[in-house]
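**Student:** Provided below: query03.txt, containing compact mmCIF, N, CA and C atoms.
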# COMPACT_ATOMS: atom_id res chain seq x y z
N MET H 5 3.61 4.53 -0.34
CA MET H 5 4.21 4.79 -1.63
C MET H 5 3.47 5.98 -2.26
N LYS H 6 4.23 6.83 -2.92
CA LYS H 6 3.66 7.98 -3.61
C LYS H 6 4.29 8.06 -5.01
N VAL H 7 3.44 8.20 -6.01
CA VAL H 7 3.91 8.31 -7.39
C VAL H 7 3.53 9.68 -7.91
N THR H 8 4.52 10.39 -8.46
CA THR H 8 4.24 11.67 -9.10
C THR H 8 4.86 11.67 -10.49
N TYR H 9 4.21 12.39 -11.38
CA TYR H 9 4.71 12.51 -12.75
C TYR H 9 4.72 13.99 -13.12
N GLU H 10 5.87 14.47 -13.56
CA GLU H 10 6.02 15.86 -13.98
C GLU H 10 5.96 15.89 -15.51
N GLU H 11 4.77 16.22 -16.01
CA GLU H 11 4.51 16.13 -17.45
C GLU H 11 5.43 17.04 -18.28
N ASN H 12 5.66 18.25 -17.84
CA ASN H 12 6.49 19.19 -18.62
C ASN H 12 7.91 18.68 -18.83
N ASP H 13 8.43 17.94 -17.85
CA ASP H 13 9.80 17.44 -17.95
C ASP H 13 9.86 15.94 -18.23
N ASP H 14 8.70 15.27 -18.26
CA ASP H 14 8.60 13.82 -18.49
C ASP H 14 9.42 13.04 -17.46
N ILE H 15 9.18 13.37 -16.18
CA ILE H 15 9.92 12.73 -15.08
C ILE H 15 8.93 12.00 -14.17
N LEU H 16 9.21 10.72 -13.92
CA LEU H 16 8.42 9.90 -13.02
C LEU H 16 9.20 9.73 -11.72
N VAL H 17 8.55 10.02 -10.59
CA VAL H 17 9.17 9.87 -9.28
C VAL H 17 8.32 8.90 -8.47
N ILE H 18 8.93 7.82 -8.02
CA ILE H 18 8.24 6.84 -7.18
C ILE H 18 8.91 6.86 -5.81
N ARG H 19 8.18 7.37 -4.84
CA ARG H 19 8.69 7.50 -3.47
C ARG H 19 8.18 6.29 -2.68
N LEU H 20 9.08 5.45 -2.20
CA LEU H 20 8.71 4.21 -1.54
C LEU H 20 8.59 4.33 -0.03
N SER H 21 9.30 5.30 0.56
CA SER H 21 9.20 5.50 2.01
C SER H 21 9.52 6.95 2.34
N ASN H 22 9.30 7.31 3.59
CA ASN H 22 9.58 8.67 4.05
C ASN H 22 10.94 8.80 4.72
N LYS H 23 11.74 7.75 4.64
CA LYS H 23 13.07 7.79 5.26
C LYS H 23 13.92 8.86 4.57
N PRO H 24 14.82 9.49 5.31
CA PRO H 24 15.72 10.47 4.69
C PRO H 24 16.65 9.80 3.67
N ILE H 25 16.89 10.50 2.59
CA ILE H 25 17.81 10.01 1.56
C ILE H 25 19.23 10.38 1.95
N VAL H 26 20.12 9.38 1.94
CA VAL H 26 21.52 9.64 2.29
C VAL H 26 22.46 9.36 1.13
N LYS H 27 21.96 8.68 0.09
CA LYS H 27 22.83 8.31 -1.03
C LYS H 27 21.99 8.17 -2.29
N GLU H 28 22.49 8.72 -3.40
CA GLU H 28 21.82 8.60 -4.69
C GLU H 28 22.79 8.01 -5.70
N ILE H 29 22.29 7.08 -6.49
CA ILE H 29 23.13 6.41 -7.49
C ILE H 29 22.40 6.39 -8.82
N SER H 30 23.08 6.78 -9.88
CA SER H 30 22.53 6.70 -11.22
C SER H 30 22.78 5.31 -11.77
N GLN H 31 21.72 4.64 -12.18
CA GLN H 31 21.85 3.32 -12.79
C GLN H 31 22.31 3.46 -14.24
N ASP H 32 21.83 4.51 -14.88
CA ASP H 32 22.25 4.94 -16.20
C ASP H 32 21.82 6.39 -16.29
N TRP H 33 21.87 7.01 -17.43
CA TRP H 33 21.62 8.46 -17.48
C TRP H 33 20.18 8.82 -17.14
N ASP H 34 19.23 7.86 -17.28
CA ASP H 34 17.83 8.22 -17.07
C ASP H 34 17.13 7.50 -15.91
N THR H 35 17.85 6.73 -15.13
CA THR H 35 17.27 6.03 -13.99
C THR H 35 18.15 6.25 -12.77
N HIS H 36 17.53 6.75 -11.70
CA HIS H 36 18.28 7.09 -10.50
C HIS H 36 17.61 6.50 -9.27
N LEU H 37 18.40 5.91 -8.38
CA LEU H 37 17.89 5.32 -7.15
C LEU H 37 18.44 6.08 -5.96
N SER H 38 17.58 6.29 -4.96
CA SER H 38 18.00 6.96 -3.73
C SER H 38 17.82 5.98 -2.58
N TYR H 39 18.79 5.98 -1.65
CA TYR H 39 18.83 5.01 -0.56
C TYR H 39 18.79 5.69 0.80
N ALA H 40 18.24 4.97 1.78
CA ALA H 40 18.25 5.40 3.17
C ALA H 40 19.53 4.89 3.84
N GLU H 41 19.75 5.33 5.05
CA GLU H 41 20.93 4.91 5.83
C GLU H 41 21.00 3.38 5.97
N ASP H 42 19.84 2.72 6.09
CA ASP H 42 19.82 1.26 6.27
C ASP H 42 19.99 0.48 4.96
N GLY H 43 20.16 1.18 3.84
CA GLY H 43 20.38 0.53 2.55
C GLY H 43 19.11 0.26 1.76
N SER H 44 17.96 0.59 2.32
CA SER H 44 16.71 0.37 1.59
C SER H 44 16.51 1.45 0.54
N VAL H 45 15.83 1.09 -0.53
CA VAL H 45 15.54 2.05 -1.60
C VAL H 45 14.40 2.96 -1.14
N VAL H 46 14.62 4.27 -1.22
CA VAL H 46 13.63 5.25 -0.81
C VAL H 46 12.89 5.82 -2.01
N GLU H 47 13.60 6.03 -3.12
CA GLU H 47 13.00 6.71 -4.26
C GLU H 47 13.61 6.21 -5.56
N VAL H 48 12.77 6.15 -6.59
CA VAL H 48 13.21 5.82 -7.94
C VAL H 48 12.77 6.98 -8.83
N VAL H 49 13.71 7.51 -9.63
CA VAL H 49 13.41 8.60 -10.55
C VAL H 49 13.73 8.12 -11.97
N VAL H 50 12.76 8.29 -12.87
CA VAL H 50 12.95 7.90 -14.27
C VAL H 50 12.78 9.13 -15.14
N LEU H 51 13.83 9.50 -15.84
CA LEU H 51 13.78 10.61 -16.79
C LEU H 51 13.26 10.09 -18.12
N ASP H 52 12.61 10.96 -18.90
CA ASP H 52 11.99 10.55 -20.17
C ASP H 52 11.06 9.36 -19.97
N ALA H 53 10.27 9.43 -18.91
CA ALA H 53 9.44 8.30 -18.49
C ALA H 53 8.45 7.83 -19.56
N SER H 54 7.74 8.75 -20.19
CA SER H 54 6.76 8.31 -21.20
C SER H 54 7.46 7.78 -22.44
N LYS H 55 8.60 8.35 -22.77
CA LYS H 55 9.36 7.87 -23.94
C LYS H 55 9.90 6.46 -23.70
N LYS H 56 10.19 6.14 -22.44
CA LYS H 56 10.73 4.82 -22.08
C LYS H 56 9.64 3.79 -21.81
N GLY H 57 8.37 4.24 -21.80
CA GLY H 57 7.27 3.32 -21.53
C GLY H 57 6.98 3.13 -20.05
N ALA H 58 7.58 3.95 -19.20
CA ALA H 58 7.35 3.83 -17.76
C ALA H 58 6.12 4.62 -17.31
N TRP H 59 5.59 5.47 -18.18
CA TRP H 59 4.40 6.25 -17.86
C TRP H 59 3.48 6.28 -19.05
N PRO H 60 2.20 6.10 -18.93
CA PRO H 60 1.49 5.93 -17.67
C PRO H 60 1.69 4.53 -17.10
N LEU H 61 1.57 4.44 -15.78
CA LEU H 61 1.70 3.15 -15.11
C LEU H 61 0.51 2.28 -15.44
N GLU H 62 0.77 1.01 -15.65
CA GLU H 62 -0.30 0.04 -15.86
C GLU H 62 -0.28 -0.91 -14.69
N LEU H 63 -1.30 -0.83 -13.87
CA LEU H 63 -1.39 -1.69 -12.70
C LEU H 63 -2.25 -2.90 -13.04
N SER H 64 -1.72 -4.08 -12.78
CA SER H 64 -2.50 -5.29 -13.03
C SER H 64 -3.18 -5.69 -11.74
N ARG H 65 -4.33 -6.30 -11.88
CA ARG H 65 -5.10 -6.77 -10.71
C ARG H 65 -5.14 -8.30 -10.75
N ALA H 66 -4.97 -8.89 -9.58
CA ALA H 66 -5.04 -10.35 -9.49
C ALA H 66 -6.46 -10.81 -9.79
N ALA H 67 -6.57 -11.88 -10.53
CA ALA H 67 -7.91 -12.38 -10.91
C ALA H 67 -8.57 -13.11 -9.76
As C-alpha cells, how would this structure be written, given the file I've shared?
**Tutor:**
Amino acid sequence: MKVTYEENDDILVIRLSNKPIVKEISQDWDTHLSYAEDGSVVEVVVLDASKKGAWPLELSRAA
C-alpha cells in the first residue's frame, strides 16, 4: 500500500496494489475508486481530503 497527499490540490491517493487499473468509478464528486480486471480495488482518490477530514491519516495501534 502507498499513500500520497498532494498538498497544493488537497488530494489524497491511496494505492492498494500495483495491478493495472481498468475501470474508474466516482462514488460522488470527491471520492473515486479504481478497479483491476479481477474486480479488486486498486486505488482510492479523495478530493478536498483535509477539508473532509481524510487527511492527515490517524492510524490507531492495537493495545
**Student:** Tell me, in Å to one decimal, how far atom N of Ser54 of chain H is from atom C of Asp42 of chain H.
**Tutor:**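 Interatomic distance here is 29.2 Å.
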**Student:** Neighbours of Val17 of chain H within 9 Å (only C-alpha atoms; same-chain residues fewer than 2 positions away dropped), as number ranges by chain?
**Tutor:** H: 6-10, 15, 19, 47-51
**Student:** Report, in Å to a single decimal, how far apart atom CA of Lys55 of chain H and atom CA of Asp32 of chain H are.
**Tutor:**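 Calculated distance between atom CA of Asp32 of chain H and atom CA of Lys55 of chain H is 15.3 Å.
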**Student:** Set the distance at 6 Å and use only C-alpha atoms: which residues neighbour Asp14 of chain H once local chain neighbours fewer than 2 positions away are removed? I'd like the list as a list in words.
**Tutor:**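 Listing them by chain and then by number gives Glu10, Glu11, Asn12, Asp52 and Ala53 of chain H.
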**Student:** Take the residues from that selection and put them in a file with N, CA and C atoms, as a PDB file, in the frame of the given file.
**Tutor:**
ATOM      1  N   GLU H  10       5.870  14.470 -13.560  1.00  0.00           N
ATOM      2  CA  GLU H  10       6.020  15.860 -13.980  1.00  0.00           C
ATOM      3  C   GLU H  10       5.960  15.890 -15.510  1.00  0.00           C
ATOM      4  N   GLU H  11       4.770  16.220 -16.010  1.00  0.00           N
ATOM      5  CA  GLU H  11       4.510  16.130 -17.450  1.00  0.00           C
ATOM      6  C   GLU H  11       5.430  17.040 -18.280  1.00  0.00           C
ATOM      7  N   ASN H  12       5.660  18.250 -17.840  1.00  0.00           N
ATOM      8  CA  ASN H  12       6.490  19.190 -18.620  1.00  0.00           C
ATOM      9  C   ASN H  12       7.910  18.680 -18.830  1.00  0.00           C
ATOM     10  N   ASP H  52      12.610  10.960 -18.900  1.00  0.00           N
ATOM     11  CA  ASP H  52      11.990  10.550 -20.170  1.00  0.00           C
ATOM     12  C   ASP H  52      11.060   9.360 -19.970  1.00  0.00           C
ATOM     13  N   ALA H  53      10.270   9.430 -18.910  1.00  0.00           N
ATOM     14  CA  ALA H  53       9.440   8.300 -18.490  1.00  0.00           C
ATOM     15  C   ALA H  53       8.450   7.830 -19.560  1.00  0.00           C
TER      16      ALA H  53
END
**Student:** Can you work out the spacing between atom CA of Pro24 of chain H and atom CA of Val46 of chain H in Å, to one decimal?
**Tutor:** 7.9 Å
**Student:** So that I can check the secondary structure, give me every residue of chain H assigned strand (DSSP E) by backbone DSSP, as a PDB file with N, CA and C atoms, in the frame of the given file.
**Tutor:**
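Dumped to states04.pdb:
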ATOM      1  N   LYS H   6       4.230   6.830  -2.920  1.00  0.00           N
ATOM      2  CA  LYS H   6       3.660   7.980  -3.610  1.00  0.00           C
ATOM      3  C   LYS H   6       4.290   8.060  -5.010  1.00  0.00           C
ATOM      4  N   VAL H   7       3.440   8.200  -6.010  1.00  0.00           N
ATOM      5  CA  VAL H   7       3.910   8.310  -7.390  1.00  0.00           C
ATOM      6  C   VAL H   7       3.530   9.680  -7.910  1.00  0.00           C
ATOM      7  N   THR H   8       4.520  10.390  -8.460  1.00  0.00           N
ATOM      8  CA  THR H   8       4.240  11.670  -9.100  1.00  0.00           C
ATOM      9  C   THR H   8       4.860  11.670 -10.490  1.00  0.00           C
ATOM     10  N   TYR H   9       4.210  12.390 -11.380  1.00  0.00           N
ATOM     11  CA  TYR H   9       4.710  12.510 -12.750  1.00  0.00           C
ATOM     12  C   TYR H   9       4.720  13.990 -13.120  1.00  0.00           C
ATOM     13  N   GLU H  10       5.870  14.470 -13.560  1.00  0.00           N
ATOM     14  CA  GLU H  10       6.020  15.860 -13.980  1.00  0.00           C
ATOM     15  C   GLU H  10       5.960  15.890 -15.510  1.00  0.00           C
ATOM     16  N   ILE H  15       9.180  13.370 -16.180  1.00  0.00           N
ATOM     17  CA  ILE H  15       9.920  12.730 -15.080  1.00  0.00           C
ATOM     18  C   ILE H  15       8.930  12.000 -14.170  1.00  0.00           C
ATOM     19  N   LEU H  16       9.210  10.720 -13.920  1.00  0.00           N
ATOM     20  CA  LEU H  16       8.420   9.900 -13.020  1.00  0.00           C
ATOM     21  C   LEU H  16       9.200   9.730 -11.720  1.00  0.00           C
ATOM     22  N   VAL H  17       8.550  10.020 -10.590  1.00  0.00           N
ATOM     23  CA  VAL H  17       9.170   9.870  -9.280  1.00  0.00           C
ATOM     24  C   VAL H  17       8.320   8.900  -8.470  1.00  0.00           C
ATOM     25  N   ILE H  18       8.930   7.820  -8.020  1.00  0.00           N
ATOM     26  CA  ILE H  18       8.240   6.840  -7.180  1.00  0.00           C
ATOM     27  C   ILE H  18       8.910   6.860  -5.810  1.00  0.00           C
ATOM     28  N   ARG H  19       8.180   7.370  -4.840  1.00  0.00           N
ATOM     29  CA  ARG H  19       8.690   7.500  -3.470  1.00  0.00           C
ATOM     30  C   ARG H  19       8.180   6.290  -2.680  1.00  0.00           C
ATOM     31  N   LYS H  27      21.960   8.680   0.090  1.00  0.00           N
ATOM     32  CA  LYS H  27      22.830   8.310  -1.030  1.00  0.00           C
ATOM     33  C   LYS H  27      21.990   8.170  -2.290  1.00  0.00           C
ATOM     34  N   GLU H  28      22.490   8.720  -3.400  1.00  0.00           N
ATOM     35  CA  GLU H  28      21.820   8.600  -4.690  1.00  0.00           C
ATOM     36  C   GLU H  28      22.790   8.010  -5.700  1.00  0.00           C
ATOM     37  N   ILE H  29      22.290   7.080  -6.490  1.00  0.00           N
ATOM     38  CA  ILE H  29      23.130   6.410  -7.490  1.00  0.00           C
ATOM     39  C   ILE H  29      22.400   6.390  -8.820  1.00  0.00           C
ATOM     40  N   SER H  30      23.080   6.780  -9.880  1.00  0.00           N
ATOM     41  CA  SER H  30      22.530   6.700 -11.220  1.00  0.00           C
ATOM     42  C   SER H  30      22.780   5.310 -11.770  1.00  0.00           C
ATOM     43  N   GLN H  31      21.720   4.640 -12.180  1.00  0.00           N
ATOM     44  CA  GLN H  31      21.850   3.320 -12.790  1.00  0.00           C
ATOM     45  C   GLN H  31      22.310   3.460 -14.240  1.00  0.00           C
ATOM     46  N   ASP H  32      21.830   4.510 -14.880  1.00  0.00           N
ATOM     47  CA  ASP H  32      22.250   4.940 -16.200  1.00  0.00           C
ATOM     48  C   ASP H  32      21.820   6.390 -16.290  1.00  0.00           C
ATOM     49  N   THR H  35      17.850   6.730 -15.130  1.00  0.00           N
ATOM     50  CA  THR H  35      17.270   6.030 -13.990  1.00  0.00           C
ATOM     51  C   THR H  35      18.150   6.250 -12.770  1.00  0.00           C
ATOM     52  N   HIS H  36      17.530   6.750 -11.700  1.00  0.00           N
ATOM     53  CA  HIS H  36      18.280   7.090 -10.500  1.00  0.00           C
ATOM     54  C   HIS H  36      17.610   6.500  -9.270  1.00  0.00           C
ATOM     55  N   LEU H  37      18.400   5.910  -8.380  1.00  0.00           N
ATOM     56  CA  LEU H  37      17.890   5.320  -7.150  1.00  0.00           C
ATOM     57  C   LEU H  37      18.440   6.080  -5.960  1.00  0.00           C
ATOM     58  N   SER H  38      17.580   6.290  -4.960  1.00  0.00           N
ATOM     59  CA  SER H  38      18.000   6.960  -3.730  1.00  0.00           C
ATOM     60  C   SER H  38      17.820   5.980  -2.580  1.00  0.00           C
ATOM     61  N   TYR H  39      18.790   5.980  -1.650  1.00  0.00           N
ATOM     62  CA  TYR H  39      18.830   5.010  -0.560  1.00  0.00           C
ATOM     63  C   TYR H  39      18.790   5.690   0.800  1.00  0.00           C
ATOM     64  N   VAL H  45      15.830   1.090  -0.530  1.00  0.00           N
ATOM     65  CA  VAL H  45      15.540   2.050  -1.600  1.00  0.00           C
ATOM     66  C   VAL H  45      14.400   2.960  -1.140  1.00  0.00           C
ATOM     67  N   VAL H  46      14.620   4.270  -1.220  1.00  0.00           N
ATOM     68  CA  VAL H  46      13.630   5.250  -0.810  1.00  0.00           C
ATOM     69  C   VAL H  46      12.890   5.820  -2.010  1.00  0.00           C
ATOM     70  N   GLU H  47      13.600   6.030  -3.120  1.00  0.00           N
ATOM     71  CA  GLU H  47      13.000   6.710  -4.260  1.00  0.00           C
ATOM     72  C   GLU H  47      13.610   6.210  -5.560  1.00  0.00           C
ATOM     73  N   VAL H  48      12.770   6.150  -6.590  1.00  0.00           N
ATOM     74  CA  VAL H  48      13.210   5.820  -7.940  1.00  0.00           C
ATOM     75  C   VAL H  48      12.770   6.980  -8.830  1.00  0.00           C
ATOM     76  N   VAL H  49      13.710   7.510  -9.630  1.00  0.00           N
ATOM     77  CA  VAL H  49      13.410   8.600 -10.550  1.00  0.00           C
ATOM     78  C   VAL H  49      13.730   8.120 -11.970  1.00  0.00           C
ATOM     79  N   VAL H  50      12.760   8.290 -12.870  1.00  0.00           N
ATOM     80  CA  VAL H  50      12.950   7.900 -14.270  1.00  0.00           C
ATOM     81  C   VAL H  50      12.780   9.130 -15.140  1.00  0.00           C
ATOM     82  N   LEU H  51      13.830   9.500 -15.840  1.00  0.00           N
ATOM     83  CA  LEU H  51      13.780  10.610 -16.790  1.00  0.00           C
ATOM     84  C   LEU H  51      13.260  10.090 -18.120  1.00  0.00           C
TER      85      LEU H  51
END
**Student:** Of the candidates H:Asp13, H:Leu61, H:Lys56, H:Ile18, which one gets nearest to Ser38 of chain H if we count only C-alpha atoms?
**Tutor:** H:Ile18
**Student:** Just need the box for segment 12-25 of chain H, edges along x, y and z, holding every atom the file lists for it with 4 Å tacked onto each side, so centre and edge lengths in Å to one decimal, as AutoDock Vina command-line options.
**Tutor:**
--center_x 12.4 --center_y 11.7 --center_z -6.8 --size_x 21.6 --size_y 23.0 --size_z 32.1
**Student:** I need the helix (DSSP H, G or I) residues of chain H per DSSP on the backbone, written as a PyMOL selection string.
**Tutor:** chain H and resi 53-56
**Student:** Between H:Gly43, H:Met5, H:Glu62, H:His36, which is the closest to Ser21 of chain H once you count only C-alpha atoms?
**Tutor:**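 Checking each of H:Gly43, H:Met5, H:Glu62, H:His36 against Ser21 of chain H, counting only C-alpha atoms, the winner is H:Met5.
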